[in-house]
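Heads up, model.cif below (mmCIF, C-alpha atoms):
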```cif
data_my_file
#
loop_
_atom_site.label_atom_id
_atom_site.label_comp_id
_atom_site.auth_asym_id
_atom_site.auth_seq_id
_atom_site.Cartn_x
_atom_site.Cartn_y
_atom_site.Cartn_z
CA MET U 1 -26.04 17.76 -14.98
CA ALA U 2 -22.70 18.30 -13.23
CA ARG U 3 -20.40 20.93 -14.65
CA CYS U 4 -17.04 19.71 -15.99
CA VAL U 5 -14.21 20.98 -13.81
CA GLU U 6 -11.23 22.12 -15.84
CA PHE U 7 -8.00 23.50 -14.43
CA ASN U 8 -4.31 22.71 -14.43
CA GLU U 9 -3.95 20.60 -11.29
CA VAL U 10 -0.15 20.88 -11.16
CA GLU U 11 -0.37 24.68 -11.30
CA LYS U 12 -3.05 24.76 -8.59
CA ILE U 13 -1.08 22.42 -6.33
CA GLU U 14 1.94 24.69 -6.74
CA LYS U 15 -0.16 27.66 -5.59
CA ALA U 16 -1.49 25.70 -2.61
CA MET U 17 2.02 24.54 -1.74
CA ASN U 18 3.16 28.15 -1.55
CA VAL U 19 0.37 28.94 0.92
CA PHE U 20 1.30 25.97 3.14
CA TRP U 21 4.95 26.90 2.80
CA GLU U 22 4.33 30.47 3.91
CA LYS U 23 1.72 29.93 6.62
CA GLY U 24 2.22 26.34 7.74
CA TYR U 25 -0.42 23.64 7.67
CA ASN U 26 -2.37 24.57 10.81
CA ALA U 27 -2.59 28.29 10.04
CA THR U 28 -3.80 27.66 6.48
CA SER U 29 -7.56 27.68 6.05
CA MET U 30 -9.54 26.19 3.21
CA GLN U 31 -10.46 29.75 2.25
CA ASP U 32 -6.75 30.62 1.98
CA LEU U 33 -6.31 27.68 -0.37
CA VAL U 34 -9.39 28.44 -2.47
CA ASP U 35 -8.28 32.06 -2.80
CA ALA U 36 -4.71 31.17 -3.77
CA MET U 37 -5.70 28.40 -6.17
CA GLN U 38 -8.47 30.53 -7.70
CA ILE U 39 -10.94 27.67 -7.83
CA ASN U 40 -14.19 27.16 -6.02
CA ARG U 41 -14.37 25.00 -2.95
CA SER U 42 -16.47 22.27 -4.55
CA SER U 43 -13.98 21.92 -7.42
CA LEU U 44 -11.20 21.53 -4.91
CA TYR U 45 -13.04 18.84 -2.95
CA ASN U 46 -14.22 17.02 -6.09
CA THR U 47 -10.85 16.88 -7.83
CA ILE U 48 -8.18 16.90 -5.13
CA GLY U 49 -9.94 16.29 -1.86
CA ASP U 50 -9.83 17.92 1.54
CA LYS U 51 -7.07 20.05 3.06
CA HIS U 52 -5.08 17.03 4.23
CA GLN U 53 -5.21 15.31 0.83
CA LEU U 54 -4.15 18.54 -0.85
CA PHE U 55 -1.30 18.93 1.61
CA MET U 56 -0.09 15.39 0.91
CA LYS U 57 -0.04 16.23 -2.82
CA CYS U 58 1.86 19.44 -2.04
CA ILE U 59 4.60 17.72 -0.05
CA SER U 60 4.88 15.06 -2.72
CA ASN U 61 5.23 17.78 -5.38
CA TYR U 62 7.79 19.65 -3.24
CA PHE U 63 9.88 16.51 -2.86
CA ASP U 64 9.64 15.59 -6.54
CA ASN U 65 10.85 19.08 -7.50
CA ALA U 66 13.75 18.88 -5.03
CA MET U 67 14.80 15.46 -6.33
CA THR U 68 14.64 16.62 -9.95
CA GLU U 69 16.80 19.62 -9.10
CA VAL U 70 19.45 17.60 -7.27
CA LYS U 71 19.56 14.92 -9.99
CA GLU U 72 20.06 17.62 -12.62
CA LYS U 73 23.02 18.97 -10.64
CA VAL U 74 24.63 15.55 -10.43
CA VAL U 75 24.28 14.94 -14.17
CA LYS U 76 25.68 18.39 -14.97
CA TYR U 77 29.06 17.83 -13.30
CA PRO U 78 31.81 15.54 -14.58
CA SER U 79 32.73 14.23 -11.15
CA ALA U 80 30.76 13.17 -8.09
CA LYS U 81 32.95 15.42 -5.96
CA GLU U 82 32.06 18.48 -8.02
CA ALA U 83 28.37 17.54 -7.88
CA LEU U 84 28.46 17.16 -4.09
CA ILE U 85 30.25 20.49 -3.67
CA LYS U 86 27.62 22.15 -5.88
CA ILE U 87 24.77 20.54 -3.91
CA ILE U 88 26.29 21.72 -0.61
CA THR U 89 27.09 25.27 -1.74
CA ASP U 90 23.70 25.67 -3.43
CA LYS U 91 21.95 24.50 -0.26
CA ALA U 92 23.90 27.04 1.79
CA ASP U 93 22.92 29.78 -0.67
CA TRP U 94 19.28 28.67 -0.65
CA ILE U 95 19.16 28.71 3.16
CA VAL U 96 20.27 32.33 3.16
CA ASP U 97 18.16 33.44 0.19
CA CYS U 98 14.84 31.65 0.81
CA ASP U 99 12.57 33.71 3.02
CA LYS U 100 10.00 30.95 3.44
CA GLY U 101 12.33 28.39 4.95
CA CYS U 102 12.04 24.73 4.11
CA LEU U 103 8.60 23.22 3.63
CA GLY U 104 10.03 19.83 4.54
CA MET U 105 11.39 21.05 7.88
CA LYS U 106 8.19 22.94 8.64
CA THR U 107 6.20 19.81 7.92
CA ILE U 108 8.42 17.58 10.04
CA PHE U 109 8.21 19.84 13.08
CA GLU U 110 4.61 21.05 12.75
CA ILE U 111 2.65 18.04 11.55
CA ALA U 112 4.70 14.84 11.44
CA PRO U 113 4.79 14.24 15.22
CA ASP U 114 0.98 13.89 15.33
CA ASP U 115 0.11 12.70 11.80
CA CYS U 116 1.23 9.19 10.82
CA SER U 117 0.57 9.60 7.11
CA VAL U 118 2.61 12.80 6.95
CA ARG U 119 5.38 11.32 9.10
CA ASN U 120 5.54 8.21 6.89
CA GLN U 121 5.66 10.27 3.70
CA MET U 122 8.34 12.57 5.05
CA SER U 123 10.36 9.59 6.30
CA LYS U 124 10.09 7.92 2.89
CA ASN U 125 11.09 11.15 1.12
CA ASN U 126 14.06 11.60 3.45
CA ASP U 127 15.19 8.01 2.88
CA VAL U 128 15.00 8.40 -0.91
CA PHE U 129 16.96 11.67 -0.79
CA ILE U 130 19.66 10.22 1.49
CA GLU U 131 19.91 7.07 -0.65
CA PHE U 132 20.45 9.22 -3.72
CA ILE U 133 23.11 11.35 -2.01
CA ALA U 134 24.72 8.10 -0.78
CA THR U 135 25.06 6.90 -4.38
CA VAL U 136 26.86 10.14 -5.26
CA VAL U 137 29.08 9.81 -2.18
CA GLN U 138 29.83 6.19 -3.08
CA LYS U 139 30.77 7.23 -6.62
CA ALA U 140 33.14 9.87 -5.22
CA MET U 141 34.65 7.19 -3.00
CA ASP U 142 34.95 4.71 -5.86
CA ASP U 143 36.62 7.37 -8.02
CA GLY U 144 39.15 8.16 -5.28
CA GLU U 145 37.72 11.65 -4.66
CA MET U 146 36.70 10.85 -1.06
CA ASP U 147 38.11 8.74 1.71
CA ASP U 148 36.37 5.38 1.41
CA SER U 149 36.90 4.33 5.02
CA GLU U 150 33.49 5.75 5.99
CA ASP U 151 30.08 4.33 5.14
CA ALA U 152 28.56 6.20 2.17
CA ALA U 153 25.04 6.09 3.66
CA LEU U 154 26.24 7.52 6.97
CA MET U 155 28.20 10.23 5.16
CA ALA U 156 25.11 11.11 3.11
CA GLU U 157 23.00 11.36 6.25
CA TYR U 158 25.65 13.58 7.83
CA ILE U 159 25.58 15.91 4.81
CA VAL U 160 21.77 16.12 4.71
CA THR U 161 21.35 16.66 8.45
CA SER U 162 23.93 19.44 8.26
CA PHE U 163 21.52 21.34 6.03
CA THR U 164 18.86 21.22 8.76
CA GLY U 165 21.29 22.59 11.32
CA TRP U 166 22.32 25.39 9.00
CA LYS U 167 18.71 26.42 8.51
CA GLN U 168 18.14 26.44 12.26
CA SER U 169 21.26 28.56 12.75
CA TYR U 170 20.18 31.00 10.06
CA ILE U 171 16.67 31.34 11.49
CA LEU U 172 18.10 32.10 14.92
CA HIS U 173 21.07 34.28 14.00
CA GLY U 174 20.52 35.50 10.44
CA ASN U 175 24.25 35.31 9.75
CA PRO U 176 24.95 34.40 6.10
CA ILE U 177 28.72 34.41 6.64
CA LYS U 178 28.37 31.71 9.28
CA ILE U 179 26.34 29.54 6.88
CA LYS U 180 28.97 29.96 4.15
CA LYS U 181 31.73 29.03 6.61
CA MET U 182 29.81 25.98 7.80
CA SER U 183 29.36 24.82 4.20
CA GLU U 184 33.08 25.30 3.56
CA PHE U 185 33.85 23.39 6.76
CA LEU U 186 31.60 20.51 5.70
CA ILE U 187 33.25 20.35 2.27
CA LYS U 188 36.73 20.44 3.80
CA ASN U 189 35.89 17.64 6.23
CA ILE U 190 34.25 15.25 3.81
CA PHE U 191 36.96 15.66 1.17
CA LYS U 192 40.04 15.30 3.40
#
```

Once you've parsed the file, please lay out its structure as structure tokens.
Amino acid sequence: MARCVEFNEVEKIEKAMNVFWEKGYNATSMQDLVDAMQINRSSLYNTIGDKHQLFMKCISNYFDNAMTEVKEKVVKYPSAKEALIKIITDKADWIVDCDKGCLGMKTIFEIAPDDCSVRNQMSKNNDVFIEFIATVVQKAMDDGEMDDSEDAALMAEYIVTSFTGWKQSYILHGNPIKIKKMSEFLIKNIFK
């Protein structure tokens, strides 16, 4: 008779996500995952699947957490402008403070070029995030807090792609003052 496998899947996926985040997909072995998740290999395969299936759950979890966080910020502020400023300044702070980098960026550069399912998931996640930021931008435009002569979706994409550039700059130069100045420059330019 098979033994009943009991563990908190969300907690285990979080532990696996941290391994992928730190080491990257290719450098992470099944043994690394089993050790971090503190479950046996057969339990992992029987409940979650192989390394790729686990990774897909991890990037889905990562995205869901990021979306929850950004939605909470938007709800917390009385105006769309204040929410956007908070999102931008928090992202600049996170870029400087997070040693592991961005799991999303790592995934896009390491795996997405050669893995259709990962590329499709990351593309979908990116589209959802940009669409959400575009709704906040549009609200700021509608409320007269932003110039409405630009397309909200294009403005949202500009904001989000700025974050990627900031991370690249920080990885290469390690200059937190430059990241802060770039975030201030972005804010100044989108709220002319």

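Ranking U:Lys12, U:Lys100, U:Lys91, U:Lys178 by their shortest atom-to-atom distance to U:Ala66, with all atoms listed in the file included, puts U:Lys91 first.
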
Do you know which residues the PyMOL selection byres ((chain U and resi 14) around 12) returns on this file, as a short mmCIF file (atom, residue, chain, number, x, y, z; two decimals) with C-alpha atoms, keeping the file's coordinate frame?
```cif
data_model
loop_
_atom_site.label_atom_id
_atom_site.label_comp_id
_atom_site.auth_asym_id
_atom_site.auth_seq_id
_atom_site.Cartn_x
_atom_site.Cartn_y
_atom_site.Cartn_z
CA ASN U 8 -4.31 22.71 -14.43
CA GLU U 9 -3.95 20.60 -11.29
CA VAL U 10 -0.15 20.88 -11.16
CA GLU U 11 -0.37 24.68 -11.30
CA LYS U 12 -3.05 24.76 -8.59
CA ILE U 13 -1.08 22.42 -6.33
CA LYS U 15 -0.16 27.66 -5.59
CA ALA U 16 -1.49 25.70 -2.61
CA MET U 17 2.02 24.54 -1.74
CA ASN U 18 3.16 28.15 -1.55
CA VAL U 19 0.37 28.94 0.92
CA PHE U 20 1.30 25.97 3.14
CA TRP U 21 4.95 26.90 2.80
CA LEU U 33 -6.31 27.68 -0.37
CA ALA U 36 -4.71 31.17 -3.77
CA MET U 37 -5.70 28.40 -6.17
CA GLN U 38 -8.47 30.53 -7.70
CA LEU U 54 -4.15 18.54 -0.85
CA PHE U 55 -1.30 18.93 1.61
CA LYS U 57 -0.04 16.23 -2.82
CA CYS U 58 1.86 19.44 -2.04
CA ILE U 59 4.60 17.72 -0.05
CA SER U 60 4.88 15.06 -2.72
CA ASN U 61 5.23 17.78 -5.38
CA TYR U 62 7.79 19.65 -3.24
CA ASP U 64 9.64 15.59 -6.54
CA ASN U 65 10.85 19.08 -7.50
#
```

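The space separating atom CA of U:Met182 from atom CA of U:Ile95 comes to 11.9 Å.
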
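Run against this file, the PyMOL selection byres ((chain U and resi 152) around 8) gives back Ala134, Thr135, Val137, Gln138, Asp148, Glu150, Asp151, Ala153, Leu154, Met155 and Ala156 of chain U.
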
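Listed by chain and then by number, the residues chosen by the PyMOL selection byres ((chain U and resi 106) around 12) in this file are Phe20, Trp21, Glu22, Lys23, Gly24, Tyr25, Asn26, Ile59, Lys100, Gly101, Cys102, Leu103, Gly104, Met105, Thr107, Ile108, Phe109, Glu110, Ile111, Ala112, Pro113, Val118, Arg119, Met122, Thr164, Lys167 and Gln168 of chain U.
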
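Residues within 9 Å of U:Ile187, counting all atoms listed in the file and excluding same-chain residues fewer than 2 positions away, are U:Leu84, U:Ile85, U:Ile88, U:Thr89, U:Met182, U:Ser183, U:Glu184, U:Phe185, U:Asn189, U:Ile190, U:Phe191, U:Lys192.
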
- Note on the structure: Atom pair atom CA of U:Ser149 + atom CA of U:Tyr77, distance 24.1 Å

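Computed from the coordinates, the atom CA of U:Phe63 to atom CA of U:Asn125 distance equals 6.8 Å.
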
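Here the question is which of U:Val75, U:Leu44, U:Ile87, U:Val136 gets nearest to U:Phe163 using all atoms listed in the file, and that residue is U:Ile87.
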
Generate N, CA and C atoms for stretch 113-147 of chain U and emit them as a compact mmCIF listing (two decimals), in the frame of the given file.
```txt
# COMPACT_ATOMS: atom_id res chain seq x y z
N PRO U 113 4.88 14.91 13.91
CA PRO U 113 4.79 14.24 15.22
C PRO U 113 3.39 13.67 15.52
N ASP U 114 2.35 14.30 15.00
CA ASP U 114 0.98 13.89 15.33
C ASP U 114 0.22 13.26 14.16
N ASP U 115 0.82 13.20 12.98
CA ASP U 115 0.11 12.70 11.80
C ASP U 115 0.94 11.59 11.15
N CYS U 116 0.49 10.36 11.33
CA CYS U 116 1.23 9.19 10.82
C CYS U 116 1.43 9.22 9.32
N SER U 117 0.43 9.61 8.56
CA SER U 117 0.57 9.60 7.11
C SER U 117 1.59 10.63 6.65
N VAL U 118 1.61 11.78 7.28
CA VAL U 118 2.61 12.80 6.95
C VAL U 118 3.99 12.33 7.38
N ARG U 119 4.09 11.80 8.60
CA ARG U 119 5.38 11.32 9.10
C ARG U 119 5.94 10.22 8.18
N ASN U 120 5.08 9.28 7.78
CA ASN U 120 5.54 8.21 6.89
C ASN U 120 6.00 8.73 5.55
N GLN U 121 5.26 9.69 4.99
CA GLN U 121 5.66 10.27 3.70
C GLN U 121 6.97 11.03 3.82
N MET U 122 7.11 11.81 4.87
CA MET U 122 8.34 12.57 5.05
C MET U 122 9.53 11.64 5.30
N SER U 123 9.31 10.57 6.04
CA SER U 123 10.36 9.59 6.30
C SER U 123 10.78 8.92 4.99
N LYS U 124 9.81 8.55 4.19
CA LYS U 124 10.09 7.92 2.89
C LYS U 124 10.86 8.89 1.99
N ASN U 125 10.41 10.14 1.93
CA ASN U 125 11.09 11.15 1.12
C ASN U 125 12.54 11.33 1.57
N ASN U 126 12.73 11.42 2.89
CA ASN U 126 14.06 11.60 3.45
C ASN U 126 14.96 10.41 3.09
N ASP U 127 14.41 9.21 3.21
CA ASP U 127 15.19 8.01 2.88
C ASP U 127 15.60 8.00 1.41
N VAL U 128 14.69 8.36 0.53
CA VAL U 128 15.00 8.40 -0.91
C VAL U 128 16.09 9.44 -1.19
N PHE U 129 15.97 10.61 -0.58
CA PHE U 129 16.96 11.67 -0.79
C PHE U 129 18.34 11.23 -0.28
N ILE U 130 18.38 10.67 0.92
CA ILE U 130 19.66 10.22 1.49
C ILE U 130 20.24 9.09 0.66
N GLU U 131 19.42 8.16 0.21
CA GLU U 131 19.91 7.07 -0.65
C GLU U 131 20.53 7.62 -1.93
N PHE U 132 19.89 8.64 -2.50
CA PHE U 132 20.45 9.22 -3.72
C PHE U 132 21.79 9.90 -3.42
N ILE U 133 21.85 10.69 -2.37
CA ILE U 133 23.11 11.35 -2.01
C ILE U 133 24.17 10.29 -1.70
N ALA U 134 23.78 9.19 -1.07
CA ALA U 134 24.72 8.10 -0.78
C ALA U 134 25.31 7.51 -2.06
N THR U 135 24.52 7.42 -3.12
CA THR U 135 25.06 6.90 -4.38
C THR U 135 26.11 7.86 -4.96
N VAL U 136 25.88 9.15 -4.77
CA VAL U 136 26.86 10.14 -5.26
C VAL U 136 28.12 10.06 -4.40
N VAL U 137 27.94 9.95 -3.09
CA VAL U 137 29.08 9.81 -2.18
C VAL U 137 29.87 8.54 -2.54
N GLN U 138 29.16 7.45 -2.75
CA GLN U 138 29.83 6.19 -3.08
C GLN U 138 30.62 6.32 -4.38
N LYS U 139 30.06 7.02 -5.35
CA LYS U 139 30.77 7.23 -6.62
C LYS U 139 32.04 8.04 -6.37
N ALA U 140 31.94 9.08 -5.55
CA ALA U 140 33.14 9.87 -5.22
C ALA U 140 34.18 9.00 -4.53
N MET U 141 33.73 8.11 -3.67
CA MET U 141 34.65 7.19 -3.00
C MET U 141 35.29 6.24 -4.00
N ASP U 142 34.46 5.66 -4.86
CA ASP U 142 34.95 4.71 -5.86
C ASP U 142 35.94 5.36 -6.82
N ASP U 143 35.74 6.64 -7.10
CA ASP U 143 36.62 7.37 -8.02
C ASP U 143 37.85 7.95 -7.32
N GLY U 144 37.99 7.68 -6.03
CA GLY U 144 39.15 8.16 -5.28
C GLY U 144 39.08 9.63 -4.91
N GLU U 145 37.88 10.22 -4.99
CA GLU U 145 37.72 11.65 -4.66
C GLU U 145 37.40 11.86 -3.18
N MET U 146 37.03 10.79 -2.49
CA MET U 146 36.70 10.85 -1.06
C MET U 146 37.32 9.66 -0.38
N ASP U 147 37.62 9.84 0.88
CA ASP U 147 38.11 8.74 1.71
C ASP U 147 37.02 7.67 1.77
```
